[in-house]
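Enquirer: The structure that follows is given in the form of structure tokens.
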Amino acid sequence: MKVLLIMLVGSFVGVQSFQLPPSNNIRVFSSSSSSPPLKSNVASAIAVTSDTSSSPVSIFKSKNNDNDADSLLKFSSDVKHVLHNLRAMEFDPCIPKHLMGHHSSSLSYSKTWTLDDWEFHNSRKRYFRYLKNFPHSRLMRRIMPQQLVLLLWTILSVYLEDQFLSTYKPKIPLSALGTISTFVAFLLTLRSNQALSRLMEARALWSKVILNTREMSNLIVSFIYPVDKQLALLLGRHVALFGWLLKSQLRFTKKDDVVELVRTMLPNKRDADYLLSQRQKTVAVITRIRQVLAHLGKAHKLTTAEEIALDHTAHALSEAITSTGRIRASPIPTLYTSHTSRLLVFYLFCLPPALHLSGLDGIMTTILTMVVGFAMFGLDEISHLFEQPFRVIPMYQMSKRAMQATADCFTCRPPALDGEKIVEDEEKELSQRELTSYWSNKDMSQMSDNLME
């Protein structure tokens, strides 16, 4: 009986507490009030929920306004502006001429090769071509100061021997000097191999950058675009910038080198300001990708498998940042380099007197010394050029390829499968040619050539 009485009283009190008072009796309770009305709590909760200006979700929701809504056509137009205006040059203007060559037809590792380049390079006439172009050799111009110093020393040593050692000419055994030349050749060869391995590793890493940006773009189009078009385009714009940002980070370019690129590809000022204010802009792109993945995951718009695939590709891009940074920040050990240089200078210093005292006249001594100097100075210079591979590899063209690959993933989607759920898109009436306005005439006419990574 007591239990029944308590239940009746509790239900009566509950009903009374849910009665809404008249509007003129609503009071604002201070924080010291012990039992504010329920309507005040509900109103406060609604006010807090509606005020999402400072929440992370509002960062994405604010992009869904009609005035700021992104589209594939805008995305394609911005990519076209970058490729045809901001970065319209065929070759990287930042690469020195001694690496690229004075003519666009010059063969160079600093550009991506076409089939015509390979046929020209493998021609049997290459020997005559190299001999004919020897006075214009890029390597010869690089080592010309060293060669001039060696030439002056050779002439001086021959003159001093003829003037002051005409009666007594000491014999310098060439066998001892040949032993030193063996060590010098071994050290130069080993250093050149190390430099070439760094060059190959850097080139392979940049091929993975193109691969992973394309993979990331494909995953974004497949998994995110159907559930949130605006977030997909936002990530697509960030991924399209990744190659340019990494190139700027590795090439020691000026800070404002990518400002116009970022402002073009990120029309939202807040996004552009955030990216430009970061110390490592490439890492900021990865952070943005993972922020979107976390947001969509909490909203249950992505499956676990989709999140894992996207995060794995983001990790691959992040790994490329670390690996390329390691090569740029870590040279071949300087002690090894200095020892090789000292031994090389000592050998070339002793070579002209030894050759002349062995019986060769001044002309032959000069010719042999200059040939040996060209071989050794040239090998040493090549190893120094390739030691910092990001001055050599064609990052400019590969960044353009990565941006084109990202845009193609959005604008060149395959036809829908039977029974596949089609996303309502206001741009479905646009043709592929309209969406791929960033393609140049060369891209259309040489579709199968010069597109390798």
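FYI, nothing fancy with the structure tokens labels: chains A, B, ... in order, residues from 1 per chain, ligands from 1 as they appear.
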For segment 254-350 of chain A against segment 354-372 of chain A, with a cut-off of 10 Å and counting only C-alpha atoms, what is the closest atom pair and its distance in Å to one decimal for every residue that makes the cut, ordered by chain and number, as a Markdown table?
Expert:
```
| residue | atom | partner | partner_atom | distance |
| --- | --- | --- | --- | --- |
| A:Leu348 | CA | A:Thr369 | CA | 7.7 |
| A:Phe349 | CA | A:Ala354 | CA | 9.5 |
| A:Cys350 | CA | A:Ala354 | CA | 6.3 |
```
Enquirer: Please produce a file of the residues just selected, as a PDB file, in the first residue's frame, where the atoms kept are N, CA and C atoms.
Expert:
```
ATOM      1  N   LEU A 348      96.766  14.785 -58.947  1.00  0.00           N
ATOM      2  CA  LEU A 348      96.892  15.652 -60.117  1.00  0.00           C
ATOM      3  C   LEU A 348      98.045  16.655 -59.959  1.00  0.00           C
ATOM      4  N   PHE A 349      98.409  16.994 -58.736  1.00  0.00           N
ATOM      5  CA  PHE A 349      99.551  17.874 -58.502  1.00  0.00           C
ATOM      6  C   PHE A 349     100.862  17.176 -58.876  1.00  0.00           C
ATOM      7  N   CYS A 350     100.954  15.905 -58.594  1.00  0.00           N
ATOM      8  CA  CYS A 350     102.187  15.158 -58.861  1.00  0.00           C
ATOM      9  C   CYS A 350     102.248  14.609 -60.287  1.00  0.00           C
TER      10      CYS A 350
END
```
Enquirer: Fewer than 5 positions away in the same chain doesn't count, so skip those; otherwise give me all residues within 7 Å of segment 317-327 of chain A, counting only C-alpha atoms, as a PDB file with C-alpha atoms, in the first residue's frame.
Expert:
```
ATOM      1  CA  ALA A 202      64.594   9.974 -55.149  1.00  0.00           C
ATOM      2  CA  LEU A 205      59.921   8.106 -54.392  1.00  0.00           C
ATOM      3  CA  VAL A 209      54.039  10.374 -55.077  1.00  0.00           C
ATOM      4  CA  ASN A 212      49.631   7.663 -54.252  1.00  0.00           C
ATOM      5  CA  VAL A 283      51.943  17.674 -43.657  1.00  0.00           C
ATOM      6  CA  ILE A 286      47.703  15.039 -44.744  1.00  0.00           C
TER       7      ILE A 286
END
```
Enquirer: Using DSSP on the backbone coordinates, identify the residues of segment 245-301 of chain A assigned to helix (DSSP H, G or I); present them as a count of residues only.
Expert: 42
Enquirer: Quick one: distance from atom CA of Thr406 of chain A to atom CA of Tyr438 of chain A in Å, one decimal?
Expert: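 Between atom CA of Thr406 of chain A and atom CA of Tyr438 of chain A the gap is 11.8 Å.
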Enquirer: Between atom CA of Leu190 of chain A and atom CA of Leu379 of chain A, what is the distance, to one decimal in Å?
Expert: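 That distance, rounded to one decimal, is 10.6 Å.
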Enquirer: Using only C-alpha atoms for the distances, tell me which of A:Gln404, A:Ser431, A:Ser76, A:Ser207 is nearest to Thr264 of chain A.
Expert: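 Closest to Thr264 of chain A of all the choices is A:Ser76.
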Enquirer: Taking only C-alpha atoms into account, name the residue in A:Met398, A:Val79, A:Leu187, A:Leu310 that is nearest to Thr340 of chain A.
Expert: A:Leu187
Enquirer: For His384 of chain A, work out the shell of residues within 10 Å, counting only C-alpha atoms and skipping chain neighbours fewer than 5 positions away, then give it as a PyMOL selection string.
Expert: chain A and resi 191-192+195+331-332+337+378-379+389
Enquirer: For Asp271 of chain A, work out the shell of residues within 10 Å, counting only C-alpha atoms and skipping chain neighbours fewer than 3 positions away, then give it as a ChimeraX atom specification.
Expert: /A:59,234,238,262-263,265-268,274-276,288
Enquirer: For Trp244 of chain A, which residue among A:Ser338, A:Thr112, A:Gln397, A:Gln163 is the nearest when counting only C-alpha atoms?
Expert: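 Closest to Trp244 of chain A, using only C-alpha atoms: A:Gln397.
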